[in-house]
file run-v6.txt (compact mmCIF, C-alpha atoms and all ligand atoms)
# COMPACT_ATOMS: atom_id res chain seq x y z
CA MET Q 100 40.11 -6.77 -34.04
CA THR Q 101 37.27 -9.11 -34.95
CA GLU Q 102 34.36 -9.20 -32.59
CA VAL Q 103 33.86 -12.51 -30.82
CA LYS Q 104 30.36 -13.88 -31.19
CA LYS Q 105 28.69 -14.54 -27.85
CA TYR Q 106 26.15 -17.29 -27.20
CA PHE Q 107 22.92 -17.09 -25.20
CA ALA Q 108 19.81 -19.20 -24.78
CA VAL Q 109 16.38 -19.27 -23.22
CA ILE Q 110 15.67 -22.53 -21.43
CA GLY Q 111 12.12 -23.71 -20.71
CA ASN Q 112 9.50 -26.40 -21.22
CA PRO Q 113 7.58 -25.76 -23.39
CA ILE Q 114 9.74 -23.26 -25.27
CA HIS Q 115 8.58 -23.18 -28.91
CA HIS Q 116 6.31 -20.17 -28.22
CA SER Q 117 9.11 -18.06 -26.70
CA LEU Q 118 9.56 -14.59 -28.17
CA SER Q 119 12.89 -14.10 -26.39
CA PRO Q 120 15.15 -15.16 -29.33
CA GLN Q 121 13.40 -12.62 -31.56
CA ILE Q 122 13.55 -9.84 -28.94
CA HIS Q 123 17.24 -10.35 -28.15
CA ALA Q 124 18.15 -10.62 -31.84
CA THR Q 125 16.44 -7.26 -32.44
CA PHE Q 126 18.19 -5.64 -29.47
CA ALA Q 127 21.56 -7.00 -30.62
CA LYS Q 128 21.07 -5.80 -34.19
CA GLU Q 129 20.21 -2.30 -32.97
CA ALA Q 130 23.27 -2.30 -30.71
CA GLY Q 131 25.53 -3.65 -33.48
CA LEU Q 132 26.42 -6.75 -31.44
CA LEU Q 133 27.15 -10.18 -32.82
CA ILE Q 134 25.21 -12.72 -30.77
CA ASP Q 135 23.56 -16.07 -31.17
CA TYR Q 136 20.48 -16.60 -28.99
CA GLU Q 137 18.55 -19.83 -29.22
CA ALA Q 138 15.55 -21.46 -27.56
CA VAL Q 139 16.46 -24.66 -25.71
CA LEU Q 140 13.85 -27.20 -24.65
CA SER Q 141 14.90 -28.90 -21.43
CA PRO Q 142 13.27 -32.13 -20.31
CA LEU Q 143 11.45 -31.45 -17.03
CA ASP Q 144 13.96 -33.40 -14.92
CA GLN Q 145 17.13 -32.25 -16.67
CA PHE Q 146 17.39 -28.49 -16.23
CA LYS Q 147 20.71 -28.67 -14.33
CA GLN Q 148 22.31 -31.08 -16.82
CA ILE Q 149 21.17 -29.06 -19.83
CA THR Q 150 22.46 -25.83 -18.30
CA GLU Q 151 25.81 -27.44 -17.48
CA ILE Q 152 26.14 -28.65 -21.09
CA LEU Q 153 25.42 -25.11 -22.30
CA ILE Q 154 28.03 -23.70 -19.90
CA SER Q 155 30.59 -26.20 -21.24
CA GLN Q 156 29.74 -24.94 -24.74
CA LYS Q 157 30.79 -21.45 -23.64
CA LEU Q 158 27.41 -19.89 -23.26
CA SER Q 159 27.70 -16.38 -21.77
CA GLY Q 160 24.22 -16.25 -20.30
CA ALA Q 161 20.72 -17.67 -20.36
CA ASN Q 162 17.16 -16.68 -19.70
CA VAL Q 163 15.12 -19.19 -17.76
CA THR Q 164 11.40 -19.55 -18.10
CA LEU Q 165 8.68 -21.85 -16.77
CA PRO Q 166 8.94 -24.20 -15.01
CA PHE Q 167 12.63 -23.78 -14.12
CA LYS Q 168 12.91 -20.43 -12.34
CA LYS Q 169 13.20 -22.03 -8.88
CA GLU Q 170 15.78 -24.56 -10.13
CA ALA Q 171 17.77 -21.74 -11.71
CA TYR Q 172 17.74 -20.05 -8.30
CA GLN Q 173 19.17 -23.24 -6.75
CA LEU Q 174 21.81 -23.56 -9.48
CA ALA Q 175 23.10 -19.99 -9.19
CA THR Q 176 26.14 -19.53 -6.95
CA THR Q 177 25.50 -15.79 -6.44
CA HIS Q 178 22.19 -13.91 -6.52
CA SER Q 179 21.04 -10.37 -7.19
CA ASN Q 180 18.89 -8.79 -4.50
CA HIS Q 181 15.69 -9.27 -6.53
CA ALA Q 182 16.49 -12.93 -7.25
CA ARG Q 183 17.30 -13.62 -3.60
CA ILE Q 184 14.01 -12.11 -2.42
CA ALA Q 185 11.89 -13.78 -5.12
CA GLU Q 186 13.78 -17.07 -4.65
CA ALA Q 187 13.49 -17.35 -8.43
CA VAL Q 188 15.86 -16.61 -11.30
CA ASN Q 189 15.00 -15.71 -14.90
CA THR Q 190 18.46 -14.55 -16.01
CA LEU Q 191 21.77 -16.35 -15.61
CA GLU Q 192 25.21 -15.00 -16.29
CA PHE Q 193 28.11 -17.42 -16.59
CA ARG Q 194 31.35 -15.77 -15.53
CA ASP Q 195 34.48 -17.90 -14.93
CA ASP Q 196 33.33 -20.47 -12.38
CA GLU Q 197 30.47 -18.37 -11.13
CA ILE Q 198 26.79 -18.69 -12.04
CA ILE Q 199 25.10 -15.40 -11.22
CA GLY Q 200 21.30 -15.44 -10.92
CA TYR Q 201 19.12 -12.38 -11.48
CA ASN Q 202 15.39 -11.81 -11.58
CA THR Q 203 14.34 -9.10 -14.03
CA ASP Q 204 10.58 -9.86 -14.05
CA GLY Q 205 9.65 -7.29 -11.41
CA ILE Q 206 11.85 -4.63 -12.99
CA GLY Q 207 10.18 -5.43 -16.32
CA LEU Q 208 6.70 -4.94 -14.86
CA VAL Q 209 7.37 -1.64 -13.08
CA ARG Q 210 9.32 -0.26 -16.03
CA ASP Q 211 6.51 -1.13 -18.43
CA LEU Q 212 4.03 0.64 -16.14
CA ALA Q 213 6.26 3.70 -15.64
CA GLN Q 214 7.79 4.18 -19.08
CA ASN Q 215 5.29 2.74 -21.54
CA ILE Q 216 1.94 3.08 -19.79
CA LYS Q 217 3.08 6.19 -17.87
CA ILE Q 218 1.71 5.10 -14.52
CA ASN Q 219 3.71 5.80 -11.41
CA LEU Q 220 3.07 3.17 -8.71
CA THR Q 221 3.91 5.54 -5.88
CA HIS Q 222 0.75 6.44 -3.89
CA LYS Q 223 -1.35 3.93 -5.84
CA LYS Q 224 -3.58 1.17 -4.47
CA ILE Q 225 -2.58 -2.09 -6.10
CA LEU Q 226 -4.23 -5.51 -6.21
CA LEU Q 227 -2.10 -8.49 -7.25
CA ILE Q 228 -3.97 -11.69 -8.12
CA GLY Q 229 -2.01 -14.94 -7.79
CA ALA Q 230 0.43 -16.49 -5.33
CA GLY Q 231 2.65 -18.54 -7.63
CA GLY Q 232 6.07 -17.81 -9.10
CA ALA Q 233 4.81 -15.03 -11.37
CA ALA Q 234 3.36 -13.08 -8.43
CA GLU Q 235 6.33 -13.80 -6.19
CA GLY Q 236 8.71 -12.49 -8.86
CA VAL Q 237 7.19 -9.00 -8.90
CA ILE Q 238 6.11 -8.23 -5.31
CA PHE Q 239 9.40 -6.73 -4.14
CA SER Q 240 9.72 -4.49 -7.22
CA ILE Q 241 6.18 -3.20 -6.62
CA LEU Q 242 6.90 -2.55 -2.93
CA GLU Q 243 10.07 -0.63 -3.86
CA LYS Q 244 7.89 1.88 -5.73
CA LYS Q 245 6.06 2.64 -2.48
CA PRO Q 246 2.39 2.30 -3.35
CA ILE Q 247 -0.17 3.24 -0.65
CA ASP Q 248 -0.91 -0.41 -0.31
CA LEU Q 249 -0.37 -3.72 -2.07
CA THR Q 250 -3.13 -6.28 -1.58
CA LEU Q 251 -2.58 -9.92 -2.49
CA THR Q 252 -5.38 -12.28 -3.40
CA ASN Q 253 -5.45 -15.88 -4.58
CA ARG Q 254 -7.79 -18.79 -5.16
CA THR Q 255 -5.95 -20.93 -2.59
CA ILE Q 256 -5.74 -19.25 0.78
CA GLU Q 257 -2.79 -21.32 2.14
CA LYS Q 258 -0.52 -20.14 -0.67
CA LEU Q 259 -1.67 -16.59 -0.07
CA ILE Q 260 -0.77 -16.75 3.62
CA ALA Q 261 2.65 -18.24 2.84
CA ILE Q 262 3.57 -15.56 0.30
CA LYS Q 263 2.26 -12.75 2.53
CA ASN Q 264 4.29 -14.03 5.50
CA ARG Q 265 7.41 -14.28 3.39
CA MET Q 266 7.11 -10.74 2.01
CA HIS Q 267 5.85 -9.09 5.21
CA GLY Q 268 9.30 -7.98 6.48
CA TYR Q 269 10.26 -6.38 3.15
CA ALA Q 270 6.99 -4.43 3.08
CA GLN Q 271 7.55 -3.25 6.64
CA ASN Q 272 11.08 -2.05 5.83
CA LEU Q 273 9.72 -0.11 2.87
CA HIS Q 274 6.77 1.26 4.91
CA VAL Q 275 4.14 -0.20 2.57
CA ASN Q 276 0.92 -1.83 3.78
CA LEU Q 277 0.92 -5.40 2.50
CA ASN Q 278 -2.57 -6.90 2.83
CA MET Q 279 -4.28 -10.07 1.74
CA ILE Q 280 -7.90 -10.73 0.93
CA GLU Q 281 -10.09 -13.54 -0.35
CA ILE Q 282 -11.15 -13.16 -3.99
CA ALA Q 283 -14.83 -13.00 -2.99
CA LYS Q 284 -14.18 -10.12 -0.59
CA ILE Q 285 -12.19 -7.73 -2.80
CA PRO Q 286 -13.57 -4.22 -2.18
CA HIS Q 287 -15.49 -2.57 -5.00
CA GLN Q 288 -13.96 0.27 -7.02
CA TYR Q 289 -11.02 0.68 -4.63
CA PHE Q 290 -7.91 -0.28 -6.57
CA ASP Q 291 -6.04 1.89 -9.10
CA ILE Q 292 -4.16 -1.04 -10.63
CA ILE Q 293 -5.26 -4.69 -10.75
CA ILE Q 294 -2.59 -7.13 -11.91
CA ASN Q 295 -3.35 -10.69 -12.97
CA ALA Q 296 -0.34 -12.89 -12.19
CA THR Q 297 -2.25 -16.18 -12.30
CA SER Q 298 -1.96 -18.78 -15.01
CA SER Q 299 -5.77 -19.04 -15.19
CA SER Q 300 -5.90 -17.48 -18.66
CA LEU Q 301 -3.94 -20.40 -20.11
CA ASN Q 302 -7.13 -22.45 -19.97
CA GLU Q 303 -9.56 -19.54 -20.40
CA ALA Q 304 -10.62 -19.88 -16.75
CA ASP Q 305 -12.63 -17.22 -14.99
CA LEU Q 306 -11.14 -15.71 -11.82
CA TYR Q 307 -14.55 -15.12 -10.15
CA ILE Q 308 -13.83 -11.49 -9.38
CA ASP Q 309 -16.91 -9.35 -8.89
CA ASN Q 310 -17.51 -7.00 -11.83
CA LYS Q 311 -17.72 -4.06 -9.43
CA VAL Q 312 -14.06 -4.45 -8.45
CA PHE Q 313 -13.24 -2.85 -11.81
CA HIS Q 314 -14.02 0.78 -12.68
CA GLU Q 315 -13.28 3.19 -15.47
CA LYS Q 316 -10.31 4.83 -13.73
CA CYS Q 317 -8.49 1.60 -12.95
CA LEU Q 318 -5.92 -0.23 -15.04
CA ALA Q 319 -6.26 -3.99 -15.45
CA TYR Q 320 -2.84 -5.47 -16.27
CA ASP Q 321 -2.58 -9.08 -17.40
CA MET Q 322 0.92 -10.57 -17.38
CA MET Q 323 -0.26 -12.94 -20.12
CA TYR Q 324 0.02 -11.96 -23.77
CA GLY Q 325 -0.83 -13.36 -27.14
CA LYS Q 326 -4.60 -13.33 -26.88
CA GLU Q 327 -7.30 -11.50 -24.98
CA THR Q 328 -7.86 -13.20 -21.63
CA PRO Q 329 -11.11 -13.59 -19.63
CA PHE Q 330 -9.62 -11.15 -17.08
CA ILE Q 331 -9.07 -8.48 -19.75
CA ARG Q 332 -12.50 -9.09 -21.27
CA GLN Q 333 -14.15 -8.67 -17.87
CA ALA Q 334 -12.18 -5.47 -17.12
CA LYS Q 335 -13.12 -4.02 -20.51
CA SER Q 336 -16.79 -4.82 -19.92
CA GLN Q 337 -16.58 -2.54 -16.86
CA GLN Q 338 -14.84 0.25 -18.85
CA ALA Q 339 -11.47 -0.26 -17.13
CA LYS Q 340 -8.28 0.51 -19.03
CA THR Q 341 -6.41 -2.68 -19.94
CA THR Q 342 -3.02 -3.92 -21.03
CA ASP Q 343 -1.39 -7.27 -21.70
CA GLY Q 344 2.06 -8.50 -20.66
CA ILE Q 345 3.96 -7.79 -23.88
CA GLY Q 346 5.52 -4.63 -22.42
CA MET Q 347 6.67 -6.52 -19.34
CA LEU Q 348 8.12 -9.27 -21.50
CA VAL Q 349 10.17 -6.83 -23.56
CA GLU Q 350 11.26 -4.76 -20.54
CA GLN Q 351 12.45 -7.81 -18.59
CA ALA Q 352 14.37 -8.89 -21.70
CA ALA Q 353 15.89 -5.40 -21.94
CA GLU Q 354 17.12 -5.68 -18.36
CA SER Q 355 18.67 -9.10 -19.09
CA PHE Q 356 20.31 -7.60 -22.18
CA PHE Q 357 21.71 -4.80 -20.02
CA ILE Q 358 23.10 -7.31 -17.51
CA TRP Q 359 24.92 -9.23 -20.26
CA HIS Q 360 26.00 -6.41 -22.58
CA HIS Q 361 25.89 -3.24 -20.46
CA ILE Q 362 23.77 -1.60 -23.15
CA LYS Q 363 20.21 -0.36 -22.58
CA PRO Q 364 18.19 -1.29 -25.68
CA GLN Q 365 15.27 0.70 -27.08
CA THR Q 366 12.09 -1.14 -26.22
CA LYS Q 367 9.23 0.93 -27.63
CA SER Q 368 9.47 -0.18 -31.25
CA VAL Q 369 9.96 -3.83 -30.24
CA ILE Q 370 6.80 -3.72 -28.10
CA GLU Q 371 4.86 -2.08 -30.93
CA SER Q 372 6.00 -4.60 -33.52
CA LEU Q 373 5.12 -7.58 -31.30
CA ARG Q 374 1.67 -6.10 -30.56
CA THR Q 375 0.82 -5.62 -34.21
CA LYS Q 376 1.73 -9.21 -35.12
P1 LIG G 401 3.38 -19.37 -12.00
O1 LIG G 401 4.81 -19.68 -11.74
O2 LIG G 401 3.01 -19.12 -13.43
O3 LIG G 401 2.85 -18.30 -11.09
P2 LIG G 401 2.15 -21.39 -10.35
O4 LIG G 401 3.20 -21.30 -9.31
O5 LIG G 401 1.59 -22.74 -10.70
O6 LIG G 401 2.62 -20.76 -11.72
O7 LIG G 401 0.94 -20.43 -9.90
C1 LIG G 401 -0.16 -20.28 -10.67
C2 LIG G 401 -1.08 -19.22 -10.07
O8 LIG G 401 -2.25 -19.11 -10.89
C3 LIG G 401 -1.56 -19.54 -8.68
O9 LIG G 401 -1.80 -18.35 -7.98
C4 LIG G 401 -2.89 -20.27 -8.99
O10 LIG G 401 -3.81 -20.27 -7.95
P3 LIG G 401 -3.75 -21.40 -6.80
O11 LIG G 401 -2.63 -21.00 -5.91
O12 LIG G 401 -5.08 -21.33 -6.16
O13 LIG G 401 -3.50 -22.71 -7.51
C5 LIG G 401 -3.39 -19.42 -10.11
N1 LIG G 401 -4.39 -20.10 -10.93
C6 LIG G 401 -4.18 -21.04 -11.88
N2 LIG G 401 -5.35 -21.41 -12.44
C7 LIG G 401 -6.32 -20.68 -11.82
C8 LIG G 401 -7.74 -20.59 -11.96
N3 LIG G 401 -8.40 -21.34 -12.84
N4 LIG G 401 -8.41 -19.74 -11.17
C9 LIG G 401 -7.76 -18.98 -10.27
N5 LIG G 401 -6.42 -19.00 -10.09
C10 LIG G 401 -5.71 -19.84 -10.85
call {"tool": "encode", "arguments": {"input": "run-v6.txt", "output": "structure tokens", "more": "lines below"}}
Ligand code: ATR
result
Amino acid sequence: MTEVKKYFAVIGNPIHHSLSPQIHATFAKEAGLLIDYEAVLSPLDQFKQITEILISQKLSGANVTLPFKKEAYQLATTHSNHARIAEAVNTLEFRDDEIIGYNTDGIGLVRDLAQNIKINLTHKKILLIGAGGAAEGVIFSILEKKPIDLTLTNRTIEKLIAIKNRMHGYAQNLHVNLNMIEIAKIPHQYFDIIINATSSSLNEADLYIDNKVFHEKCLAYDMMYGKETPFIRQAKSQQAKTTDGIGMLVEQAAESFFIWHHIKPQTKSVIESLRTK
């Protein structure tokens, strides 16, 4: 029997920089699967129409990236637990008349920390900077790992309050202290892991975190990748350990791949090859 080629896409705006086609092609090759995975640029006001065209062209699934994760959540007819809580979707599966929405970002982050960086979040003190979609997408996955506490901070206090209020009940159910703090008041040398989930690095902006927040035993994790960010430079200057978001990118892709193909791909070599590029 000849294998039927399946079609996938990543939809975003902009999209030319996306590494997802390359990552999924590598996973598929390793798994011996025949797939076609392309990057699709959607005009900002046409995400729904573009996705519906792709569905009519028999697409099996799609990844969704900025700025459409909320719209993908709205479009999905069924949601995974993580997608429902984040109210954002980065992976769609098209099955019969159903559009199933998943969010694999948080799983990608915690798996990168656990498997690649070998850091267990349980009993750790974690600071998450940012209150946009990127932060929202990972909070529940962090809480599930039961750190001692998770502290949220953000430039804009109103957004911080809104995200804290929304996640409060989940933290309570999981018996994790969920705190919030102004950037200027972050305690010195307290946190084990400091995660930058802001988009500040896109324009090389400083986060105005006091140098003393960092220390040599903490890990500074930037969800950004591709170039060294001001956040990573600052952490390094204080002898903190650092990592970029390449591992998270590959691990979230691996989880999407698993959802679509029921095969867990090897990620280590893919991460290494993307880092050395
Ligand atoms: P995303 O979906 O990538 O998270 P977003 O929803 O626009 O995008 O959120 C961007 C995040 O980066 C926010 O937390 C934003 O802070 P504000 O809520 O104060 O806007 C943060 N951010 C962007 N540029 C920043 C900068 N120069 N300094 C500090 N925080 C910044």
call {"tool": "residues_near_ligand", "arguments": {"input": "run-v6.txt", "ligand": "ligand LIG 401 (chain G)", "cutoff": "8 Å", "atoms": "only C-alpha atoms and all ligand atoms", "output": "list of chain:residue names"}}
result
Q:Leu165, Q:Pro166, Q:Ile228, Q:Gly229, Q:Ala230, Q:Gly231, Q:Gly232, Q:Ala233, Q:Ala234, Q:Glu235, Q:Asn253, Q:Arg254, Q:Thr255, Q:Ile256, Q:Lys258, Q:Leu259, Q:Ala296, Q:Thr297, Q:Ser298, Q:Ser299, Q:Ser300, Q:Leu301, Q:Asn302, Q:Glu303, Q:Ala304, Q:Asp305, Q:Leu306, Q:Tyr307
call {"tool": "closest_residue", "arguments": {"input": "run-v6.txt", "among": "Q:Ala213, Q:Leu226, Q:Ala175, Q:Val237", "to": "Tyr201 (chain Q)", "atoms": "only C-alpha atoms"}}
result
Q:Ala175
call {"tool": "closest_residue", "arguments": {"input": "run-v6.txt", "among": "Q:Ile238, Q:Met323, Q:Ile110, Q:Leu227", "to": "Ile294 (chain Q)", "atoms": "all atoms listed in the file"}}
result
Q:Leu227
call {"tool": "atom_distance", "arguments": {"input": "run-v6.txt", "atom1": "CA of Ser336 (chain Q)", "atom2": "CA of Lys217 (chain Q)"}}
result
22.8 Å
call {"tool": "residues_around", "arguments": {"input": "run-v6.txt", "residues": "Pro364 (chain Q)", "least_positions_apart": "5", "cutoff": "9 Å", "atoms": "all atoms listed in the file", "output": "list in words"}}
result
Phe126, Ala127, Glu129, Ala130, Ala353, Glu354, Phe356 and Phe357 of chain Q
call {"tool": "closest_residue", "arguments": {"input": "run-v6.txt", "among": "Q:Lys224, Q:Ile241, Q:Asp135, Q:Lys335", "to": "Leu208 (chain Q)", "atoms": "all atoms listed in the file"}}
result
Q:Ile241
call {"tool": "atom_distance", "arguments": {"input": "run-v6.txt", "atom1": "CA of Gln333 (chain Q)", "atom2": "CA of Thr252 (chain Q)"}}
result
17.3 Å
call {"tool": "closest_residue", "arguments": {"input": "run-v6.txt", "among": "Q:Ile114, Q:Ala185, Q:Ile122, Q:Met322", "to": "Pro142 (chain Q)", "atoms": "all atoms listed in the file"}}
result
Q:Ile114
call {"tool": "atom_distance", "arguments": {"input": "run-v6.txt", "atom1": "CA of Lys263 (chain Q)", "atom2": "CA of Ala283 (chain Q)"}}
result
18.0 Å
call {"tool": "residues_around", "arguments": {"input": "run-v6.txt", "residues": "Asn278 (chain Q)", "least_positions_apart": "5", "cutoff": "7 Å", "atoms": "only C-alpha atoms", "output": "list in words"}}
result
Leu249, Thr250 and Leu251 of chain Q
call {"tool": "axis_aligned_box", "arguments": {"input": "run-v6.txt", "around": "region 254-273 of chain Q", "padding_each_side": "5 Å", "output": "AutoDock Vina command-line options"}}
result
--center_x 1.6 --center_y -10.7 --center_z 0.7 --size_x 28.9 --size_y 31.2 --size_z 21.8
call {"tool": "closest_residue", "arguments": {"input": "run-v6.txt", "among": "Q:Asp291, Q:Asp309, Q:Glu137, Q:Glu243", "to": "His123 (chain Q)", "atoms": "only C-alpha atoms"}}
result
Q:Glu137
call {"tool": "residues_near_point", "arguments": {"input": "run-v6.txt", "point": "(-0.1, -1.9, -10.7)", "cutoff": "7 Å", "atoms": "all atoms listed in the file", "output": "compact mmCIF listing (two decimals) with C-alpha atoms, in the coordinates of the input"}}
result
# COMPACT_ATOMS: atom_id res chain seq x y z
CA LEU Q 220 3.07 3.17 -8.71
CA ILE Q 225 -2.58 -2.09 -6.10
CA ILE Q 292 -4.16 -1.04 -10.63
CA ILE Q 293 -5.26 -4.69 -10.75
CA ILE Q 294 -2.59 -7.13 -11.91
call {"tool": "closest_residue", "arguments": {"input": "run-v6.txt", "among": "Q:Ala138, Q:Ile184, Q:Leu153, Q:Leu212", "to": "Met266 (chain Q)", "atoms": "all atoms listed in the file"}}
result
Q:Ile184
call {"tool": "residues_around", "arguments": {"input": "run-v6.txt", "residues": "Asn189 (chain Q)", "least_positions_apart": "4", "cutoff": "7 Å", "atoms": "all atoms listed in the file", "output": "ChimeraX atom specification"}}
result
/Q:162-164,168,201-203
